[in-house]
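Asks: Have a peek at work-v3.cif (mmCIF, N, CA and C atoms and all ligand atoms).
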data_model
#
loop_
_atom_site.label_atom_id
_atom_site.label_comp_id
_atom_site.auth_asym_id
_atom_site.auth_seq_id
_atom_site.Cartn_x
_atom_site.Cartn_y
_atom_site.Cartn_z
N MET A 1 24.81 -19.25 -72.83
CA MET A 1 25.01 -20.26 -73.88
C MET A 1 24.63 -19.67 -75.24
N THR A 2 25.45 -19.85 -76.25
CA THR A 2 25.09 -19.35 -77.58
C THR A 2 24.45 -20.47 -78.37
N ASN A 3 23.45 -20.11 -79.10
CA ASN A 3 22.65 -21.08 -79.83
C ASN A 3 22.37 -20.60 -81.24
N LYS A 4 23.41 -20.19 -81.91
CA LYS A 4 23.24 -19.55 -83.22
C LYS A 4 22.56 -20.45 -84.23
N THR A 5 22.78 -21.75 -84.12
CA THR A 5 22.28 -22.63 -85.16
C THR A 5 20.84 -23.05 -84.91
N CYS A 6 20.28 -22.64 -83.79
CA CYS A 6 18.92 -23.04 -83.48
C CYS A 6 17.92 -22.24 -84.28
N GLU A 7 17.03 -22.96 -84.91
CA GLU A 7 15.89 -22.30 -85.52
C GLU A 7 14.72 -22.69 -84.65
N VAL A 8 14.42 -21.85 -83.69
CA VAL A 8 13.47 -22.25 -82.65
C VAL A 8 12.05 -22.20 -83.18
N HIS A 9 11.36 -23.27 -82.92
CA HIS A 9 9.94 -23.33 -83.27
C HIS A 9 9.17 -22.69 -82.14
N GLN A 10 8.48 -21.62 -82.45
CA GLN A 10 7.79 -20.86 -81.39
C GLN A 10 6.44 -21.48 -81.06
N ASN A 11 6.04 -21.26 -79.82
CA ASN A 11 4.69 -21.62 -79.38
C ASN A 11 4.35 -23.08 -79.65
N HIS A 12 5.28 -23.94 -79.37
CA HIS A 12 5.02 -25.36 -79.57
C HIS A 12 4.41 -25.94 -78.32
N LYS A 13 3.14 -26.29 -78.41
CA LYS A 13 2.43 -26.74 -77.22
C LYS A 13 2.54 -28.24 -77.02
N HIS A 14 2.71 -28.94 -78.12
CA HIS A 14 2.72 -30.40 -78.07
C HIS A 14 4.09 -30.90 -77.60
N GLU A 15 4.08 -31.86 -76.71
CA GLU A 15 5.32 -32.46 -76.22
C GLU A 15 5.55 -33.77 -76.97
N HIS A 16 6.56 -33.80 -77.86
CA HIS A 16 6.84 -35.03 -78.58
C HIS A 16 7.50 -36.05 -77.66
N GLY A 17 7.29 -37.30 -77.99
CA GLY A 17 7.92 -38.36 -77.22
C GLY A 17 7.47 -39.70 -77.75
N GLU A 18 7.90 -40.75 -77.05
CA GLU A 18 7.44 -42.07 -77.44
C GLU A 18 5.92 -42.10 -77.40
N HIS A 19 5.32 -42.64 -78.42
CA HIS A 19 3.87 -42.81 -78.53
C HIS A 19 3.12 -41.51 -78.66
N CYS A 20 3.77 -40.44 -79.11
CA CYS A 20 3.03 -39.19 -79.31
C CYS A 20 2.28 -39.21 -80.63
N GLY A 21 2.53 -40.23 -81.45
CA GLY A 21 1.78 -40.37 -82.68
C GLY A 21 2.46 -39.79 -83.90
N HIS A 22 3.54 -39.07 -83.71
CA HIS A 22 4.25 -38.48 -84.85
C HIS A 22 5.39 -39.40 -85.29
N THR A 23 5.45 -39.64 -86.60
CA THR A 23 6.50 -40.48 -87.16
C THR A 23 7.86 -39.90 -86.85
N LYS A 24 8.80 -40.80 -86.55
CA LYS A 24 10.17 -40.35 -86.32
C LYS A 24 10.97 -40.51 -87.60
N ILE A 25 11.79 -39.54 -87.89
CA ILE A 25 12.67 -39.58 -89.06
C ILE A 25 14.10 -39.65 -88.56
N ILE A 26 14.82 -40.64 -89.05
CA ILE A 26 16.22 -40.73 -88.68
C ILE A 26 16.98 -39.69 -89.48
N HIS A 27 17.63 -38.80 -88.79
CA HIS A 27 18.31 -37.66 -89.40
C HIS A 27 19.73 -37.63 -88.87
N GLY A 28 20.65 -38.17 -89.68
CA GLY A 28 22.04 -38.23 -89.23
C GLY A 28 22.15 -39.06 -87.97
N ASP A 29 22.61 -38.46 -86.88
CA ASP A 29 22.85 -39.20 -85.65
C ASP A 29 21.72 -39.06 -84.65
N HIS A 30 20.58 -38.54 -85.09
CA HIS A 30 19.47 -38.37 -84.16
C HIS A 30 18.15 -38.64 -84.87
N ALA A 31 17.08 -38.54 -84.14
CA ALA A 31 15.76 -38.72 -84.71
C ALA A 31 14.95 -37.45 -84.49
N ASP A 32 14.21 -37.07 -85.51
CA ASP A 32 13.32 -35.92 -85.40
C ASP A 32 11.88 -36.39 -85.49
N TYR A 33 10.97 -35.55 -85.03
CA TYR A 33 9.55 -35.87 -85.14
C TYR A 33 8.96 -35.12 -86.32
N LEU A 34 8.20 -35.86 -87.11
CA LEU A 34 7.54 -35.25 -88.25
C LEU A 34 6.18 -34.72 -87.81
N HIS A 35 5.99 -33.42 -87.93
CA HIS A 35 4.80 -32.77 -87.40
C HIS A 35 4.33 -31.73 -88.41
N ASP A 36 3.23 -32.03 -89.08
CA ASP A 36 2.63 -31.09 -90.05
C ASP A 36 3.66 -30.59 -91.08
N GLY A 37 4.44 -31.51 -91.59
CA GLY A 37 5.40 -31.13 -92.63
C GLY A 37 6.66 -30.49 -92.12
N HIS A 38 6.84 -30.50 -90.80
CA HIS A 38 8.06 -29.96 -90.22
C HIS A 38 8.80 -31.05 -89.48
N LEU A 39 10.11 -30.93 -89.41
CA LEU A 39 10.91 -31.84 -88.59
C LEU A 39 11.21 -31.14 -87.29
N HIS A 40 10.76 -31.71 -86.21
CA HIS A 40 10.99 -31.11 -84.90
C HIS A 40 12.04 -31.89 -84.14
N HIS A 41 13.01 -31.16 -83.66
CA HIS A 41 14.10 -31.77 -82.91
C HIS A 41 14.13 -31.19 -81.51
N LYS A 42 13.98 -32.07 -80.54
CA LYS A 42 13.96 -31.58 -79.16
C LYS A 42 15.35 -31.11 -78.79
N HIS A 43 15.40 -29.89 -78.30
CA HIS A 43 16.68 -29.29 -77.93
C HIS A 43 16.48 -28.51 -76.64
N LEU A 44 17.02 -29.05 -75.58
CA LEU A 44 16.87 -28.43 -74.27
C LEU A 44 15.38 -28.20 -73.99
N ASP A 45 14.96 -26.95 -73.84
CA ASP A 45 13.57 -26.69 -73.47
C ASP A 45 12.71 -26.28 -74.66
N HIS A 46 13.21 -26.49 -75.88
CA HIS A 46 12.43 -26.06 -77.04
C HIS A 46 12.64 -27.04 -78.19
N TYR A 47 11.98 -26.79 -79.29
CA TYR A 47 12.14 -27.61 -80.48
C TYR A 47 12.79 -26.79 -81.58
N ASP A 48 13.75 -27.41 -82.25
CA ASP A 48 14.35 -26.78 -83.42
C ASP A 48 13.65 -27.30 -84.66
N GLU A 49 13.65 -26.47 -85.68
CA GLU A 49 13.18 -26.89 -87.00
C GLU A 49 14.37 -27.47 -87.75
N HIS A 50 14.23 -28.71 -88.17
CA HIS A 50 15.28 -29.31 -88.98
C HIS A 50 14.74 -29.56 -90.38
N ARG A 51 15.67 -29.65 -91.35
CA ARG A 51 15.28 -30.08 -92.68
C ARG A 51 16.34 -31.03 -93.20
N LEU A 52 15.93 -31.97 -94.03
CA LEU A 52 16.88 -32.91 -94.57
C LEU A 52 17.83 -32.17 -95.52
N GLU A 53 19.09 -32.50 -95.45
CA GLU A 53 20.08 -31.87 -96.30
C GLU A 53 20.01 -32.43 -97.71
N VAL A 54 20.40 -31.61 -98.67
CA VAL A 54 20.61 -32.08 -100.04
C VAL A 54 22.03 -32.61 -100.11
N ASN A 55 22.16 -33.90 -100.38
CA ASN A 55 23.49 -34.50 -100.44
C ASN A 55 23.46 -35.68 -101.42
N GLU A 56 24.48 -36.53 -101.38
CA GLU A 56 24.54 -37.64 -102.33
C GLU A 56 23.42 -38.64 -102.11
N ILE A 57 23.05 -38.85 -100.85
CA ILE A 57 21.99 -39.81 -100.55
C ILE A 57 20.63 -39.21 -100.92
N ASN A 58 20.48 -37.94 -100.64
CA ASN A 58 19.20 -37.26 -100.92
C ASN A 58 19.43 -36.06 -101.84
N PRO A 59 19.69 -36.35 -103.13
CA PRO A 59 19.90 -35.25 -104.09
C PRO A 59 18.58 -34.59 -104.44
N ASP A 60 18.65 -33.39 -105.02
CA ASP A 60 17.40 -32.71 -105.41
C ASP A 60 17.29 -32.61 -106.93
N HIS A 61 17.80 -33.62 -107.60
CA HIS A 61 17.79 -33.61 -109.06
C HIS A 61 16.46 -34.15 -109.60
N CYS A 62 16.31 -34.03 -110.92
CA CYS A 62 15.12 -34.57 -111.58
C CYS A 62 15.38 -36.01 -111.94
N GLN A 63 14.71 -36.90 -111.22
CA GLN A 63 14.86 -38.34 -111.43
C GLN A 63 13.45 -38.91 -111.40
N PRO A 64 12.77 -38.90 -112.55
CA PRO A 64 11.35 -39.26 -112.54
C PRO A 64 11.10 -40.67 -112.04
N VAL A 65 10.09 -40.80 -111.19
CA VAL A 65 9.61 -42.12 -110.78
C VAL A 65 8.20 -42.27 -111.33
N ILE A 66 7.87 -43.49 -111.64
CA ILE A 66 6.55 -43.76 -112.21
C ILE A 66 5.60 -44.14 -111.09
N HIS A 67 4.51 -43.41 -110.97
CA HIS A 67 3.45 -43.77 -110.05
C HIS A 67 2.55 -44.78 -110.72
N GLU A 68 2.15 -45.78 -109.97
CA GLU A 68 1.22 -46.75 -110.55
C GLU A 68 -0.16 -46.11 -110.75
N ASP A 69 -0.47 -45.12 -109.93
CA ASP A 69 -1.71 -44.37 -110.13
C ASP A 69 -1.35 -42.93 -110.47
N ALA A 70 -2.36 -42.15 -110.82
CA ALA A 70 -2.11 -40.76 -111.19
C ALA A 70 -2.18 -39.89 -109.94
N HIS A 71 -1.47 -40.28 -108.93
CA HIS A 71 -1.51 -39.59 -107.65
C HIS A 71 -0.78 -38.25 -107.74
N ILE A 72 -1.41 -37.22 -107.23
CA ILE A 72 -0.75 -35.91 -107.16
C ILE A 72 -0.60 -35.54 -105.69
N HIS A 73 0.63 -35.33 -105.27
CA HIS A 73 0.88 -35.01 -103.87
C HIS A 73 0.47 -33.59 -103.55
N GLY A 74 0.04 -33.41 -102.34
CA GLY A 74 -0.33 -32.09 -101.88
C GLY A 74 -0.86 -32.20 -100.47
N PRO A 75 -1.23 -31.08 -99.88
CA PRO A 75 -1.75 -31.12 -98.51
C PRO A 75 -2.92 -32.09 -98.41
N GLY A 76 -2.84 -33.00 -97.46
CA GLY A 76 -3.92 -33.95 -97.25
C GLY A 76 -3.94 -35.11 -98.22
N CYS A 77 -2.86 -35.33 -98.96
CA CYS A 77 -2.85 -36.40 -99.96
C CYS A 77 -2.66 -37.76 -99.31
N GLY A 78 -2.35 -37.77 -98.03
CA GLY A 78 -2.18 -39.04 -97.34
C GLY A 78 -0.74 -39.42 -97.11
N HIS A 79 0.18 -38.76 -97.80
CA HIS A 79 1.60 -38.99 -97.57
C HIS A 79 2.12 -37.90 -96.64
N GLU A 80 3.13 -38.25 -95.86
CA GLU A 80 3.68 -37.29 -94.93
C GLU A 80 4.64 -36.37 -95.67
N ALA A 81 4.47 -35.08 -95.45
CA ALA A 81 5.35 -34.09 -96.07
C ALA A 81 6.58 -33.91 -95.19
N VAL A 82 7.73 -33.72 -95.83
CA VAL A 82 8.96 -33.54 -95.09
C VAL A 82 9.81 -32.48 -95.79
N PRO A 83 10.39 -31.56 -95.02
CA PRO A 83 11.21 -30.52 -95.64
C PRO A 83 12.56 -31.06 -96.09
N HIS A 84 12.94 -30.76 -97.32
CA HIS A 84 14.20 -31.23 -97.89
C HIS A 84 14.81 -30.06 -98.64
N GLY A 85 15.98 -29.61 -98.19
CA GLY A 85 16.60 -28.45 -98.84
C GLY A 85 15.64 -27.28 -98.82
N ASP A 86 15.36 -26.71 -99.99
CA ASP A 86 14.49 -25.53 -100.04
C ASP A 86 13.07 -25.87 -100.50
N HIS A 87 12.72 -27.16 -100.43
CA HIS A 87 11.40 -27.56 -100.92
C HIS A 87 10.78 -28.60 -99.99
N THR A 88 9.61 -29.06 -100.35
CA THR A 88 8.91 -30.06 -99.57
C THR A 88 8.77 -31.34 -100.39
N ASP A 89 9.07 -32.47 -99.77
CA ASP A 89 8.89 -33.76 -100.41
C ASP A 89 7.83 -34.55 -99.65
N TYR A 90 7.43 -35.66 -100.26
CA TYR A 90 6.45 -36.54 -99.62
C TYR A 90 7.08 -37.92 -99.51
N ILE A 91 6.82 -38.59 -98.39
CA ILE A 91 7.41 -39.90 -98.16
C ILE A 91 6.50 -40.96 -98.74
N VAL A 92 7.02 -41.72 -99.70
CA VAL A 92 6.28 -42.81 -100.32
C VAL A 92 7.16 -44.05 -100.26
N ASN A 93 6.71 -45.05 -99.51
CA ASN A 93 7.46 -46.30 -99.39
C ASN A 93 8.93 -46.07 -99.03
N GLY A 94 9.19 -45.17 -98.10
CA GLY A 94 10.55 -44.94 -97.64
C GLY A 94 11.42 -44.15 -98.59
N ARG A 95 10.82 -43.52 -99.60
CA ARG A 95 11.58 -42.66 -100.52
C ARG A 95 10.97 -41.27 -100.52
N LEU A 96 11.81 -40.28 -100.80
CA LEU A 96 11.33 -38.92 -100.92
C LEU A 96 10.81 -38.70 -102.33
N HIS A 97 9.57 -38.28 -102.44
CA HIS A 97 8.99 -37.94 -103.73
C HIS A 97 8.84 -36.43 -103.81
N HIS A 98 9.25 -35.87 -104.93
CA HIS A 98 9.10 -34.44 -105.13
C HIS A 98 8.27 -34.18 -106.38
N PRO A 99 7.07 -33.61 -106.20
CA PRO A 99 6.22 -33.32 -107.36
C PRO A 99 6.93 -32.34 -108.29
N HIS A 100 7.04 -32.70 -109.56
CA HIS A 100 7.77 -31.89 -110.53
C HIS A 100 7.05 -32.00 -111.87
N GLY A 101 6.32 -30.98 -112.21
CA GLY A 101 5.57 -31.01 -113.46
C GLY A 101 4.58 -32.16 -113.46
N ASP A 102 4.66 -33.03 -114.44
CA ASP A 102 3.69 -34.13 -114.55
C ASP A 102 4.22 -35.42 -113.94
N HIS A 103 5.30 -35.35 -113.18
CA HIS A 103 5.87 -36.56 -112.59
C HIS A 103 6.38 -36.26 -111.18
N CYS A 104 6.88 -37.31 -110.54
CA CYS A 104 7.53 -37.16 -109.24
C CYS A 104 9.01 -37.44 -109.43
N ASP A 105 9.84 -36.65 -108.77
CA ASP A 105 11.26 -36.95 -108.72
C ASP A 105 11.54 -37.82 -107.51
N ASP A 106 12.52 -38.68 -107.64
CA ASP A 106 12.98 -39.49 -106.51
C ASP A 106 14.17 -38.79 -105.87
N HIS A 107 13.99 -38.40 -104.61
CA HIS A 107 15.08 -37.69 -103.91
C HIS A 107 15.75 -38.58 -102.87
N GLY A 108 15.71 -39.89 -103.11
CA GLY A 108 16.48 -40.81 -102.27
C GLY A 108 15.70 -41.35 -101.09
N PRO A 109 16.35 -42.22 -100.33
CA PRO A 109 15.68 -42.91 -99.22
C PRO A 109 15.62 -42.06 -97.96
N VAL A 110 14.65 -42.35 -97.13
CA VAL A 110 14.55 -41.72 -95.83
C VAL A 110 14.13 -42.80 -94.84
N GLU A 111 14.76 -42.78 -93.69
CA GLU A 111 14.50 -43.82 -92.69
C GLU A 111 13.48 -43.30 -91.69
N THR A 112 12.39 -44.01 -91.58
CA THR A 112 11.35 -43.58 -90.64
C THR A 112 11.13 -44.65 -89.58
N GLU A 113 10.56 -44.23 -88.48
CA GLU A 113 10.27 -45.14 -87.38
C GLU A 113 8.85 -44.83 -86.94
N ALA A 114 8.02 -45.83 -87.00
CA ALA A 114 6.63 -45.61 -86.57
C ALA A 114 6.63 -45.24 -85.09
N ASN A 115 5.73 -44.39 -84.72
CA ASN A 115 5.65 -43.92 -83.34
C ASN A 115 4.18 -43.83 -82.94
N PRO A 116 3.53 -45.01 -82.95
CA PRO A 116 2.07 -45.01 -82.78
C PRO A 116 1.65 -44.53 -81.40
N LYS A 117 0.48 -43.93 -81.40
CA LYS A 117 -0.12 -43.50 -80.13
C LYS A 117 -0.61 -44.72 -79.38
N HIS A 118 -0.54 -44.63 -78.08
CA HIS A 118 -1.07 -45.70 -77.26
C HIS A 118 -2.56 -45.77 -77.40
ZN ZN B 1 4.56 -35.49 -81.37
ZN ZN B 2 17.31 -33.35 -87.29
ZN ZN B 3 11.51 -34.06 -112.40
ZN ZN B 4 0.85 -38.08 -101.91
ZN ZN B 5 13.60 -33.33 -102.22
ZN ZN B 6 5.10 -39.32 -105.85
#
Take the structure in this file and express it as structure tokens.
Ligand SMILES: [Zn+2]
Ligand SMILES: [Zn+2]
Ligand SMILES: [Zn+2]
Ligand SMILES: [Zn+2]
Ligand SMILES: [Zn+2]
Ligand SMILES: [Zn+2]
Replies:
Amino acid sequence: MTNKTCEVHQNHKHEHGEHCGHTKIIHGDHADYLHDGHLHHKHLDHYDEHRLEVNEINPDHCQPVIHEDAHIHGPGCGHEAVPHGDHTDYIVNGRLHHPHGDHCDDHGPVETEANPKH
């Protein structure tokens, strides 16, 4: 079997599934698991790395959004990081936020599904 399009995530010990605790992201016709800023897609016996495409729904332009607080996104900021195109965005109220200079850009909506641990 040829698998040219697979970007295999190596050494993945965690088995994603219902109630694994990782938020699900609706990505086209499937759902991926958000894990430490990566989108993991179960594929046969391994996980692929997925990233959200830059398109009309999720453009990567500069579209400043106003934060009610002076929040600066970064590792551990409390928002989930998600790969989008060639950069990383943060999910805030169902929208992609991209830190850009002194503001955040709005990179469009993203559909998430809570996947709480039992
Ligand atoms: Zn998981
Ligand atoms: Zn995907
Ligand atoms: Zn901007
Ligand atoms: Zn944040
Ligand atoms: Zn983005
Ligand atoms: Zn923001």
Asks: Once you count only N, CA and C atoms and all ligand atoms, which residues end up within 6 Å of ligand ZN 2 (chain B), and could you hand them over as a ChimeraX atom specification?
Replies: /A:27,30-32,41,50-51
Asks: Residues within 12 Å of ligand ZN 1 (chain B), counting only C-alpha atoms and all ligand atoms: report them as a PyMOL selection string.
Replies: chain A and resi 12-25+32-36+38-42+47+114-117
Asks: Quick one, how far is atom C of Leu52 of chain A from atom CA of Cys77 of chain A?
Replies: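 Distance between the two atoms: 21.6 Å.
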Asks: Measuring between only N, CA and C atoms and all ligand atoms, which one of A:His61, A:His79, A:His100, A:His71 shows the shortest distance to ligand ZN 5 (chain B)?
Replies: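 Answer, going by the shortest atom-to-atom distance: A:His61.
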Asks: Please indicate the distance in Å from atom N of His118 of chain A to atom CA of His73 of chain A, rounded to one decimal place.
Replies: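 Result for atom N of His118 of chain A versus atom CA of His73 of chain A: 27.6 Å, one decimal.
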Asks: With all atoms listed in the file as the atoms that count, which of A:Ile72, A:Val92, A:Val54, A:Ile66 lies nearest to ligand ZN 5 (chain B)?
Replies: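 Using all atoms listed in the file, ligand ZN 5 (chain B) sits closest to A:Val54.
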Asks: Ligand ZN 6 (chain B): which residues are within 10 Å, counting only C-alpha atoms and all ligand atoms, as a list in words?
Replies: Pro64, Val65, Ile66, His67, Glu68, Asp69, Ala70, His71, Ile72, His73, Gly74, His79, Asp89, Tyr90, Ile91, Val92, Asn93, Arg95, Leu96, His97, His98, Pro99, His100, His103, Cys104, Asp105 and Asp106 of chain A
Asks: Using all atoms listed in the file, which of the listed residues (A:Thr5, A:Gly37, A:Glu56, A:Gly94) sits closest to Val110 of chain A?
Replies: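 Residue with the minimum atom-to-atom distance to Val110 of chain A: A:Gly94.
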Asks: Among chain A, which ones does DSSP assign to strand (DSSP E or B) (computed from the backbone)? Answer as JSON, numbers by chain.
Replies: {"A": [8, 24, 25, 26, 27, 30, 31, 32, 33, 34, 35, 38, 39, 40, 41, 42, 43, 46, 47, 48, 49, 50, 52, 64, 65, 80, 81, 82, 83, 84, 87, 88, 89, 90, 91, 92, 95, 96, 97, 98, 99, 100, 103, 104, 105, 106, 107, 108, 109, 112, 113]}
Asks: I need the residues from that last selection saved to file as a short mmCIF file (atom, residue, chain, number, x, y, z; two decimals), keeping the file's coordinate frame (with N, CA and C atoms), if you can.
Replies:
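Output saved as out15.cif:
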data_model
loop_
_atom_site.label_atom_id
_atom_site.label_comp_id
_atom_site.auth_asym_id
_atom_site.auth_seq_id
_atom_site.Cartn_x
_atom_site.Cartn_y
_atom_site.Cartn_z
N VAL A 8 14.42 -21.85 -83.69
CA VAL A 8 13.47 -22.25 -82.65
C VAL A 8 12.05 -22.20 -83.18
N LYS A 24 8.80 -40.80 -86.55
CA LYS A 24 10.17 -40.35 -86.32
C LYS A 24 10.97 -40.51 -87.60
N ILE A 25 11.79 -39.54 -87.89
CA ILE A 25 12.67 -39.58 -89.06
C ILE A 25 14.10 -39.65 -88.56
N ILE A 26 14.82 -40.64 -89.05
CA ILE A 26 16.22 -40.73 -88.68
C ILE A 26 16.98 -39.69 -89.48
N HIS A 27 17.63 -38.80 -88.79
CA HIS A 27 18.31 -37.66 -89.40
C HIS A 27 19.73 -37.63 -88.87
N HIS A 30 20.58 -38.54 -85.09
CA HIS A 30 19.47 -38.37 -84.16
C HIS A 30 18.15 -38.64 -84.87
N ALA A 31 17.08 -38.54 -84.14
CA ALA A 31 15.76 -38.72 -84.71
C ALA A 31 14.95 -37.45 -84.49
N ASP A 32 14.21 -37.07 -85.51
CA ASP A 32 13.32 -35.92 -85.40
C ASP A 32 11.88 -36.39 -85.49
N TYR A 33 10.97 -35.55 -85.03
CA TYR A 33 9.55 -35.87 -85.14
C TYR A 33 8.96 -35.12 -86.32
N LEU A 34 8.20 -35.86 -87.11
CA LEU A 34 7.54 -35.25 -88.25
C LEU A 34 6.18 -34.72 -87.81
N HIS A 35 5.99 -33.42 -87.93
CA HIS A 35 4.80 -32.77 -87.40
C HIS A 35 4.33 -31.73 -88.41
N HIS A 38 6.84 -30.50 -90.80
CA HIS A 38 8.06 -29.96 -90.22
C HIS A 38 8.80 -31.05 -89.48
N LEU A 39 10.11 -30.93 -89.41
CA LEU A 39 10.91 -31.84 -88.59
C LEU A 39 11.21 -31.14 -87.29
N HIS A 40 10.76 -31.71 -86.21
CA HIS A 40 10.99 -31.11 -84.90
C HIS A 40 12.04 -31.89 -84.14
N HIS A 41 13.01 -31.16 -83.66
CA HIS A 41 14.10 -31.77 -82.91
C HIS A 41 14.13 -31.19 -81.51
N LYS A 42 13.98 -32.07 -80.54
CA LYS A 42 13.96 -31.58 -79.16
C LYS A 42 15.35 -31.11 -78.79
N HIS A 43 15.40 -29.89 -78.30
CA HIS A 43 16.68 -29.29 -77.93
C HIS A 43 16.48 -28.51 -76.64
N HIS A 46 13.21 -26.49 -75.88
CA HIS A 46 12.43 -26.06 -77.04
C HIS A 46 12.64 -27.04 -78.19
N TYR A 47 11.98 -26.79 -79.29
CA TYR A 47 12.14 -27.61 -80.48
C TYR A 47 12.79 -26.79 -81.58
N ASP A 48 13.75 -27.41 -82.25
CA ASP A 48 14.35 -26.78 -83.42
C ASP A 48 13.65 -27.30 -84.66
N GLU A 49 13.65 -26.47 -85.68
CA GLU A 49 13.18 -26.89 -87.00
C GLU A 49 14.37 -27.47 -87.75
N HIS A 50 14.23 -28.71 -88.17
CA HIS A 50 15.28 -29.31 -88.98
C HIS A 50 14.74 -29.56 -90.38
N LEU A 52 15.93 -31.97 -94.03
CA LEU A 52 16.88 -32.91 -94.57
C LEU A 52 17.83 -32.17 -95.52
N PRO A 64 12.77 -38.90 -112.55
CA PRO A 64 11.35 -39.26 -112.54
C PRO A 64 11.10 -40.67 -112.04
N VAL A 65 10.09 -40.80 -111.19
CA VAL A 65 9.61 -42.12 -110.78
C VAL A 65 8.20 -42.27 -111.33
N GLU A 80 3.13 -38.25 -95.86
CA GLU A 80 3.68 -37.29 -94.93
C GLU A 80 4.64 -36.37 -95.67
N ALA A 81 4.47 -35.08 -95.45
CA ALA A 81 5.35 -34.09 -96.07
C ALA A 81 6.58 -33.91 -95.19
N VAL A 82 7.73 -33.72 -95.83
CA VAL A 82 8.96 -33.54 -95.09
C VAL A 82 9.81 -32.48 -95.79
N PRO A 83 10.39 -31.56 -95.02
CA PRO A 83 11.21 -30.52 -95.64
C PRO A 83 12.56 -31.06 -96.09
N HIS A 84 12.94 -30.76 -97.32
CA HIS A 84 14.20 -31.23 -97.89
C HIS A 84 14.81 -30.06 -98.64
N HIS A 87 12.72 -27.16 -100.43
CA HIS A 87 11.40 -27.56 -100.92
C HIS A 87 10.78 -28.60 -99.99
N THR A 88 9.61 -29.06 -100.35
CA THR A 88 8.91 -30.06 -99.57
C THR A 88 8.77 -31.34 -100.39
N ASP A 89 9.07 -32.47 -99.77
CA ASP A 89 8.89 -33.76 -100.41
C ASP A 89 7.83 -34.55 -99.65
N TYR A 90 7.43 -35.66 -100.26
CA TYR A 90 6.45 -36.54 -99.62
C TYR A 90 7.08 -37.92 -99.51
N ILE A 91 6.82 -38.59 -98.39
CA ILE A 91 7.41 -39.90 -98.16
C ILE A 91 6.50 -40.96 -98.74
N VAL A 92 7.02 -41.72 -99.70
CA VAL A 92 6.28 -42.81 -100.32
C VAL A 92 7.16 -44.05 -100.26
N ARG A 95 10.82 -43.52 -99.60
CA ARG A 95 11.58 -42.66 -100.52
C ARG A 95 10.97 -41.27 -100.52
N LEU A 96 11.81 -40.28 -100.80
CA LEU A 96 11.33 -38.92 -100.92
C LEU A 96 10.81 -38.70 -102.33
N HIS A 97 9.57 -38.28 -102.44
CA HIS A 97 8.99 -37.94 -103.73
C HIS A 97 8.84 -36.43 -103.81
N HIS A 98 9.25 -35.87 -104.93
CA HIS A 98 9.10 -34.44 -105.13
C HIS A 98 8.27 -34.18 -106.38
N PRO A 99 7.07 -33.61 -106.20
CA PRO A 99 6.22 -33.32 -107.36
C PRO A 99 6.93 -32.34 -108.29
N HIS A 100 7.04 -32.70 -109.56
CA HIS A 100 7.77 -31.89 -110.53
C HIS A 100 7.05 -32.00 -111.87
N HIS A 103 5.30 -35.35 -113.18
CA HIS A 103 5.87 -36.56 -112.59
C HIS A 103 6.38 -36.26 -111.18
N CYS A 104 6.88 -37.31 -110.54
CA CYS A 104 7.53 -37.16 -109.24
C CYS A 104 9.01 -37.44 -109.43
N ASP A 105 9.84 -36.65 -108.77
CA ASP A 105 11.26 -36.95 -108.72
C ASP A 105 11.54 -37.82 -107.51
N ASP A 106 12.52 -38.68 -107.64
CA ASP A 106 12.98 -39.49 -106.51
C ASP A 106 14.17 -38.79 -105.87
N HIS A 107 13.99 -38.40 -104.61
CA HIS A 107 15.08 -37.69 -103.91
C HIS A 107 15.75 -38.58 -102.87
N GLY A 108 15.71 -39.89 -103.11
CA GLY A 108 16.48 -40.81 -102.27
C GLY A 108 15.70 -41.35 -101.09
N PRO A 109 16.35 -42.22 -100.33
CA PRO A 109 15.68 -42.91 -99.22
C PRO A 109 15.62 -42.06 -97.96
N THR A 112 12.39 -44.01 -91.58
CA THR A 112 11.35 -43.58 -90.64
C THR A 112 11.13 -44.65 -89.58
N GLU A 113 10.56 -44.23 -88.48
CA GLU A 113 10.27 -45.14 -87.38
C GLU A 113 8.85 -44.83 -86.94
#
Asks: To one decimal place, how far is atom CA of Gly101 of chain A from atom CA of Pro75 of chain A in Å?
Replies: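 Those two atoms sit 16.6 Å apart.
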Asks: Write out as a Markdown table a residue-level contact list of chain A versus ligand ZN 5 (chain B) with cut-off 6 Å: for each qualifying residue the closest pair of atoms and the distance in Å to one decimal, counting only N, CA and C atoms and all ligand atoms, rows sorted by chain and residue number upward.
Replies:
| residue | atom | partner | partner_atom | distance |
| --- | --- | --- | --- | --- |
| A:Pro59 | C | B:ZN5 | ZN | 5.6 |
| A:Asp60 | CA | B:ZN5 | ZN | 5.0 |
| A:His84 | CA | B:ZN5 | ZN | 4.8 |
| A:Gly85 | N | B:ZN5 | ZN | 6.0 |
| A:His87 | C | B:ZN5 | ZN | 5.9 |
| A:Thr88 | C | B:ZN5 | ZN | 5.5 |
| A:Asp89 | CA | B:ZN5 | ZN | 5.1 |
| A:His97 | C | B:ZN5 | ZN | 5.9 |
| A:His98 | CA | B:ZN5 | ZN | 5.5 |
| A:His107 | CA | B:ZN5 | ZN | 4.9 |
